[in-house]
Amino acid sequence: MAKQVISTAQAPAAIGAYSQAIRAGGMVYISGQIPLDPATGQLVAGDIREQIHQVFRNLAAVAAAAGLGLEQAVKVTVYLTDLGHFAAVNEIMAGYFPQPFPARAAIGVSALPKGAAVEADAILAG
């Protein structure tokens, strides 16, 4: 199966041995996005809500580079260092993903890269 690398300067550059996204078999697999400002490579300033917004903006930017939008998302996985922020993720996510919402998992983790409080990855059809 052929793989196509998806890359954009509108989302943070990879900070490890991975691609921002890969298109394969009619699907686009977006790597985990943390709340980095693509212009600075630093965590966004602000509270958890701003971090969540930045994560979804980064996912949207990578999706756009693949010629898609978040409405094509079929699966999203969200990682939180504090599951107490689950309600905020639900509220904010509803503004980025139209119904029918994608399948989703929310997973509590002990830590994320660069001290982020939230990370999300996505699988898109297209």
# chains A, B, ... in the order shown; residues from 1 in each chain; ligands from 1
>>> closest_atom_pairs(of="region 75-103 of chain A", to="region 111-115 of chain A", cutoff="12 Å", atoms="only C-alpha atoms", output="Markdown table")
| residue | atom | partner | partner_atom | distance |
| --- | --- | --- | --- | --- |
| A:Val78 | CA | A:Leu112 | CA | 11.5 |
| A:Tyr79 | CA | A:Leu112 | CA | 8.3 |
| A:Leu80 | CA | A:Leu112 | CA | 8.2 |
| A:Thr81 | CA | A:Ala111 | CA | 5.8 |
| A:Asp82 | CA | A:Ala111 | CA | 9.4 |
>>> write_last_selection(atoms="N, CA and C atoms", output="PDB file, in the first residue's frame")
ATOM      1  N   VAL A  78      -8.211  11.589  22.399  1.00  0.00           N
ATOM      2  CA  VAL A  78      -7.770  12.735  23.194  1.00  0.00           C
ATOM      3  C   VAL A  78      -7.037  12.195  24.418  1.00  0.00           C
ATOM      4  N   TYR A  79      -5.888  12.773  24.707  1.00  0.00           N
ATOM      5  CA  TYR A  79      -5.085  12.399  25.867  1.00  0.00           C
ATOM      6  C   TYR A  79      -5.059  13.593  26.810  1.00  0.00           C
ATOM      7  N   LEU A  80      -5.390  13.372  28.076  1.00  0.00           N
ATOM      8  CA  LEU A  80      -5.440  14.446  29.070  1.00  0.00           C
ATOM      9  C   LEU A  80      -4.604  14.071  30.284  1.00  0.00           C
ATOM     10  N   THR A  81      -3.840  15.036  30.788  1.00  0.00           N
ATOM     11  CA  THR A  81      -3.105  14.791  32.026  1.00  0.00           C
ATOM     12  C   THR A  81      -4.016  14.930  33.239  1.00  0.00           C
ATOM     13  N   ASP A  82      -5.209  15.482  33.051  1.00  0.00           N
ATOM     14  CA  ASP A  82      -6.202  15.616  34.120  1.00  0.00           C
ATOM     15  C   ASP A  82      -7.583  15.379  33.516  1.00  0.00           C
TER      16      ASP A  82
END
>>> residues_around(residues="Ala24 (chain A)", least_positions_apart="4", cutoff="12 Å", atoms="only C-alpha atoms", output="list of chain:residue names")
A:Met1, A:Ala2, A:Lys3, A:Gln4, A:Val5, A:Ile6, A:Val28, A:Tyr29, A:Ile30, A:Ala66, A:Ile123, A:Leu124, A:Ala125, A:Gly126
>>> select_by_dssp(residues="chain A", states="strand (DSSP E or B)", output="PyMOL selection string")
chain A and resi 4-6+21-24+27-33+36+43+73-80+103-108+118-125
>>> residues_around(residues="region 90-105 of chain A", least_positions_apart="3", cutoff="6 Å", atoms="only C-alpha atoms", output="list in words")
Leu70, Glu71, Ala73, Val74, Lys75, Val76, Thr77 and Ala87 of chain A
>>> write_last_selection(atoms="C-alpha atoms", output="PDB file, in the first residue's frame")
ATOM      1  CA  LEU A  70     -12.509  17.907  10.495  1.00  0.00           C
ATOM      2  CA  GLU A  71     -15.984  16.937   9.285  1.00  0.00           C
ATOM      3  CA  ALA A  73     -12.935  12.712  11.014  1.00  0.00           C
ATOM      4  CA  VAL A  74     -14.092   9.204  11.835  1.00  0.00           C
ATOM      5  CA  LYS A  75     -12.009   8.672  15.008  1.00  0.00           C
ATOM      6  CA  VAL A  76     -10.371  11.049  17.477  1.00  0.00           C
ATOM      7  CA  THR A  77      -8.293  10.109  20.498  1.00  0.00           C
ATOM      8  CA  ALA A  87     -16.152  18.466  30.068  1.00  0.00           C
TER       9      ALA A  87
END
>>> residues_around(residues="region 46-54 of chain A", least_positions_apart="2", cutoff="8 Å", atoms="only C-alpha atoms", output="JSON, numbers by chain")
{"A": [34, 35, 36, 37, 43, 44, 56, 57, 58, 85, 88, 89, 92, 116, 117, 118]}
>>> select_by_dssp(residues="region 29-121 of chain A", states="helix (DSSP H, G or I)", output="number ranges by chain")
A: 48-65, 70-72, 83-93, 113-115
>>> atom_distance(atom1="CA of Ala61 (chain A)", atom2="CA of Ala9 (chain A)")
8.8 Å
>>> closest_residue(among="A:Ala45, A:Pro38, A:Gly32, A:Met27", to="Pro12 (chain A)", atoms="only C-alpha atoms")
A:Pro38
>>> closest_residue(among="A:Ser110, A:Thr8, A:Thr40, A:Ser19", to="Gly67 (chain A)", atoms="only C-alpha atoms")
A:Thr8
>>> closest_residue(among="A:Ile22, A:Ala11, A:Ala17, A:Leu68", to="Gln42 (chain A)", atoms="only C-alpha atoms")
A:Ala11
>>> decode(residues="region 60-110 of chain A", atoms="N, CA and C atoms", output="PDB file, in the first residue's frame")
ATOM      1  N   ALA A  60      -6.984  20.708  12.545  1.00  0.00           N
ATOM      2  CA  ALA A  60      -7.671  21.265  11.370  1.00  0.00           C
ATOM      3  C   ALA A  60      -6.673  21.691  10.299  1.00  0.00           C
ATOM      4  N   ALA A  61      -5.537  22.255  10.707  1.00  0.00           N
ATOM      5  CA  ALA A  61      -4.527  22.693   9.741  1.00  0.00           C
ATOM      6  C   ALA A  61      -3.931  21.506   8.993  1.00  0.00           C
ATOM      7  N   VAL A  62      -3.660  20.428   9.696  1.00  0.00           N
ATOM      8  CA  VAL A  62      -3.116  19.238   9.033  1.00  0.00           C
ATOM      9  C   VAL A  62      -4.179  18.621   8.120  1.00  0.00           C
ATOM     10  N   ALA A  63      -5.421  18.579   8.583  1.00  0.00           N
ATOM     11  CA  ALA A  63      -6.507  18.068   7.734  1.00  0.00           C
ATOM     12  C   ALA A  63      -6.612  18.893   6.458  1.00  0.00           C
ATOM     13  N   ALA A  64      -6.524  20.217   6.577  1.00  0.00           N
ATOM     14  CA  ALA A  64      -6.609  21.098   5.405  1.00  0.00           C
ATOM     15  C   ALA A  64      -5.467  20.823   4.436  1.00  0.00           C
ATOM     16  N   ALA A  65      -4.278  20.535   4.962  1.00  0.00           N
ATOM     17  CA  ALA A  65      -3.141  20.217   4.094  1.00  0.00           C
ATOM     18  C   ALA A  65      -3.396  18.941   3.294  1.00  0.00           C
ATOM     19  N   ALA A  66      -4.268  18.092   3.816  1.00  0.00           N
ATOM     20  CA  ALA A  66      -4.645  16.866   3.105  1.00  0.00           C
ATOM     21  C   ALA A  66      -5.855  17.091   2.203  1.00  0.00           C
ATOM     22  N   GLY A  67      -6.336  18.347   2.139  1.00  0.00           N
ATOM     23  CA  GLY A  67      -7.504  18.654   1.327  1.00  0.00           C
ATOM     24  C   GLY A  67      -8.814  18.258   1.985  1.00  0.00           C
ATOM     25  N   LEU A  68      -8.793  18.112   3.304  1.00  0.00           N
ATOM     26  CA  LEU A  68      -9.964  17.665   4.054  1.00  0.00           C
ATOM     27  C   LEU A  68     -10.290  18.653   5.164  1.00  0.00           C
ATOM     28  N   GLY A  69     -11.373  18.381   5.846  1.00  0.00           N
ATOM     29  CA  GLY A  69     -11.758  19.152   7.020  1.00  0.00           C
ATOM     30  C   GLY A  69     -12.064  18.202   8.157  1.00  0.00           C
ATOM     31  N   LEU A  70     -12.236  18.755   9.343  1.00  0.00           N
ATOM     32  CA  LEU A  70     -12.509  17.907  10.495  1.00  0.00           C
ATOM     33  C   LEU A  70     -13.854  17.187  10.387  1.00  0.00           C
ATOM     34  N   GLU A  71     -14.717  17.650   9.486  1.00  0.00           N
ATOM     35  CA  GLU A  71     -15.984  16.937   9.285  1.00  0.00           C
ATOM     36  C   GLU A  71     -15.756  15.541   8.705  1.00  0.00           C
ATOM     37  N   GLN A  72     -14.571  15.278   8.155  1.00  0.00           N
ATOM     38  CA  GLN A  72     -14.246  13.945   7.643  1.00  0.00           C
ATOM     39  C   GLN A  72     -13.653  13.029   8.715  1.00  0.00           C
ATOM     40  N   ALA A  73     -13.506  13.535   9.938  1.00  0.00           N
ATOM     41  CA  ALA A  73     -12.935  12.712  11.014  1.00  0.00           C
ATOM     42  C   ALA A  73     -13.875  11.564  11.360  1.00  0.00           C
ATOM     43  N   VAL A  74     -13.314  10.368  11.429  1.00  0.00           N
ATOM     44  CA  VAL A  74     -14.092   9.204  11.835  1.00  0.00           C
ATOM     45  C   VAL A  74     -13.689   8.710  13.222  1.00  0.00           C
ATOM     46  N   LYS A  75     -12.489   9.096  13.692  1.00  0.00           N
ATOM     47  CA  LYS A  75     -12.009   8.672  15.008  1.00  0.00           C
ATOM     48  C   LYS A  75     -11.053   9.719  15.542  1.00  0.00           C
ATOM     49  N   VAL A  76     -11.252  10.108  16.788  1.00  0.00           N
ATOM     50  CA  VAL A  76     -10.371  11.049  17.477  1.00  0.00           C
ATOM     51  C   VAL A  76      -9.998  10.425  18.816  1.00  0.00           C
ATOM     52  N   THR A  77      -8.738  10.525  19.173  1.00  0.00           N
ATOM     53  CA  THR A  77      -8.293  10.109  20.498  1.00  0.00           C
ATOM     54  C   THR A  77      -7.719  11.333  21.190  1.00  0.00           C
ATOM     55  N   VAL A  78      -8.211  11.589  22.399  1.00  0.00           N
ATOM     56  CA  VAL A  78      -7.770  12.735  23.194  1.00  0.00           C
ATOM     57  C   VAL A  78      -7.037  12.195  24.418  1.00  0.00           C
ATOM     58  N   TYR A  79      -5.888  12.773  24.707  1.00  0.00           N
ATOM     59  CA  TYR A  79      -5.085  12.399  25.867  1.00  0.00           C
ATOM     60  C   TYR A  79      -5.059  13.593  26.810  1.00  0.00           C
ATOM     61  N   LEU A  80      -5.390  13.372  28.076  1.00  0.00           N
ATOM     62  CA  LEU A  80      -5.440  14.446  29.070  1.00  0.00           C
ATOM     63  C   LEU A  80      -4.604  14.071  30.284  1.00  0.00           C
ATOM     64  N   THR A  81      -3.840  15.036  30.788  1.00  0.00           N
ATOM     65  CA  THR A  81      -3.105  14.791  32.026  1.00  0.00           C
ATOM     66  C   THR A  81      -4.016  14.930  33.239  1.00  0.00           C
ATOM     67  N   ASP A  82      -5.209  15.482  33.051  1.00  0.00           N
ATOM     68  CA  ASP A  82      -6.202  15.616  34.120  1.00  0.00           C
ATOM     69  C   ASP A  82      -7.583  15.379  33.516  1.00  0.00           C
ATOM     70  N   LEU A  83      -8.181  14.237  33.820  1.00  0.00           N
ATOM     71  CA  LEU A  83      -9.499  13.927  33.260  1.00  0.00           C
ATOM     72  C   LEU A  83     -10.586  14.859  33.783  1.00  0.00           C
ATOM     73  N   GLY A  84     -10.255  15.712  34.724  1.00  0.00           N
ATOM     74  CA  GLY A  84     -11.180  16.752  35.166  1.00  0.00           C
ATOM     75  C   GLY A  84     -11.480  17.755  34.062  1.00  0.00           C
ATOM     76  N   HIS A  85     -10.674  17.757  32.996  1.00  0.00           N
ATOM     77  CA  HIS A  85     -10.894  18.668  31.862  1.00  0.00           C
ATOM     78  C   HIS A  85     -11.756  18.036  30.769  1.00  0.00           C
ATOM     79  N   PHE A  86     -12.310  16.855  31.048  1.00  0.00           N
ATOM     80  CA  PHE A  86     -13.118  16.128  30.066  1.00  0.00           C
ATOM     81  C   PHE A  86     -14.298  16.962  29.572  1.00  0.00           C
ATOM     82  N   ALA A  87     -14.990  17.656  30.469  1.00  0.00           N
ATOM     83  CA  ALA A  87     -16.152  18.466  30.068  1.00  0.00           C
ATOM     84  C   ALA A  87     -15.731  19.598  29.139  1.00  0.00           C
ATOM     85  N   ALA A  88     -14.591  20.219  29.411  1.00  0.00           N
ATOM     86  CA  ALA A  88     -14.107  21.301  28.542  1.00  0.00           C
ATOM     87  C   ALA A  88     -13.785  20.766  27.153  1.00  0.00           C
ATOM     88  N   VAL A  89     -13.194  19.580  27.075  1.00  0.00           N
ATOM     89  CA  VAL A  89     -12.909  18.968  25.770  1.00  0.00           C
ATOM     90  C   VAL A  89     -14.212  18.758  25.009  1.00  0.00           C
ATOM     91  N   ASN A  90     -15.226  18.217  25.671  1.00  0.00           N
ATOM     92  CA  ASN A  90     -16.518  17.984  25.010  1.00  0.00           C
ATOM     93  C   ASN A  90     -17.096  19.275  24.462  1.00  0.00           C
ATOM     94  N   GLU A  91     -17.114  20.315  25.290  1.00  0.00           N
ATOM     95  CA  GLU A  91     -17.691  21.598  24.882  1.00  0.00           C
ATOM     96  C   GLU A  91     -16.949  22.185  23.690  1.00  0.00           C
ATOM     97  N   ILE A  92     -15.631  22.235  23.774  1.00  0.00           N
ATOM     98  CA  ILE A  92     -14.830  22.863  22.724  1.00  0.00           C
ATOM     99  C   ILE A  92     -14.825  22.008  21.456  1.00  0.00           C
ATOM    100  N   MET A  93     -14.735  20.704  21.607  1.00  0.00           N
ATOM    101  CA  MET A  93     -14.713  19.810  20.446  1.00  0.00           C
ATOM    102  C   MET A  93     -15.964  19.981  19.594  1.00  0.00           C
ATOM    103  N   ALA A  94     -17.109  20.209  20.232  1.00  0.00           N
ATOM    104  CA  ALA A  94     -18.371  20.368  19.504  1.00  0.00           C
ATOM    105  C   ALA A  94     -18.335  21.567  18.562  1.00  0.00           C
ATOM    106  N   GLY A  95     -17.453  22.528  18.823  1.00  0.00           N
ATOM    107  CA  GLY A  95     -17.315  23.677  17.941  1.00  0.00           C
ATOM    108  C   GLY A  95     -16.434  23.430  16.728  1.00  0.00           C
ATOM    109  N   TYR A  96     -15.680  22.352  16.741  1.00  0.00           N
ATOM    110  CA  TYR A  96     -14.766  22.035  15.639  1.00  0.00           C
ATOM    111  C   TYR A  96     -15.238  20.864  14.780  1.00  0.00           C
ATOM    112  N   PHE A  97     -16.028  19.972  15.353  1.00  0.00           N
ATOM    113  CA  PHE A  97     -16.472  18.763  14.664  1.00  0.00           C
ATOM    114  C   PHE A  97     -17.989  18.785  14.562  1.00  0.00           C
ATOM    115  N   PRO A  98     -18.537  18.859  13.338  1.00  0.00           N
ATOM    116  CA  PRO A  98     -19.993  18.843  13.200  1.00  0.00           C
ATOM    117  C   PRO A  98     -20.561  17.440  13.449  1.00  0.00           C
ATOM    118  N   GLN A  99     -21.839  17.400  13.725  1.00  0.00           N
ATOM    119  CA  GLN A  99     -22.511  16.107  13.870  1.00  0.00           C
ATOM    120  C   GLN A  99     -22.705  15.475  12.505  1.00  0.00           C
ATOM    121  N   PRO A 100     -22.664  14.177  12.384  1.00  0.00           N
ATOM    122  CA  PRO A 100     -22.442  13.247  13.476  1.00  0.00           C
ATOM    123  C   PRO A 100     -20.977  13.284  13.922  1.00  0.00           C
ATOM    124  N   PHE A 101     -20.786  13.352  15.237  1.00  0.00           N
ATOM    125  CA  PHE A 101     -19.437  13.429  15.786  1.00  0.00           C
ATOM    126  C   PHE A 101     -18.662  12.149  15.476  1.00  0.00           C
ATOM    127  N   PRO A 102     -17.329  12.260  15.375  1.00  0.00           N
ATOM    128  CA  PRO A 102     -16.526  11.052  15.160  1.00  0.00           C
ATOM    129  C   PRO A 102     -16.541  10.164  16.400  1.00  0.00           C
ATOM    130  N   ALA A 103     -16.187   8.908  16.220  1.00  0.00           N
ATOM    131  CA  ALA A 103     -15.925   8.046  17.368  1.00  0.00           C
ATOM    132  C   ALA A 103     -14.761   8.668  18.135  1.00  0.00           C
ATOM    133  N   ARG A 104     -14.728   8.453  19.462  1.00  0.00           N
ATOM    134  CA  ARG A 104     -13.680   9.107  20.238  1.00  0.00           C
ATOM    135  C   ARG A 104     -13.338   8.303  21.476  1.00  0.00           C
ATOM    136  N   ALA A 105     -12.090   8.406  21.876  1.00  0.00           N
ATOM    137  CA  ALA A 105     -11.644   7.900  23.168  1.00  0.00           C
ATOM    138  C   ALA A 105     -10.960   9.053  23.884  1.00  0.00           C
ATOM    139  N   ALA A 106     -11.122   9.111  25.193  1.00  0.00           N
ATOM    140  CA  ALA A 106     -10.409  10.086  26.027  1.00  0.00           C
ATOM    141  C   ALA A 106      -9.626   9.279  27.052  1.00  0.00           C
ATOM    142  N   ILE A 107      -8.330   9.512  27.084  1.00  0.00           N
ATOM    143  CA  ILE A 107      -7.435   8.694  27.891  1.00  0.00           C
ATOM    144  C   ILE A 107      -6.657   9.584  28.848  1.00  0.00           C
ATOM    145  N   GLY A 108      -6.657   9.221  30.121  1.00  0.00           N
ATOM    146  CA  GLY A 108      -5.851   9.931  31.110  1.00  0.00           C
ATOM    147  C   GLY A 108      -4.419   9.427  31.062  1.00  0.00           C
ATOM    148  N   VAL A 109      -3.475  10.360  31.038  1.00  0.00           N
ATOM    149  CA  VAL A 109      -2.052  10.018  30.980  1.00  0.00           C
ATOM    150  C   VAL A 109      -1.301  10.790  32.062  1.00  0.00           C
ATOM    151  N   SER A 110      -0.135  10.300  32.434  1.00  0.00           N
ATOM    152  CA  SER A 110       0.626  10.961  33.496  1.00  0.00           C
ATOM    153  C   SER A 110       1.376  12.189  33.005  1.00  0.00           C
TER     154      SER A 110
END
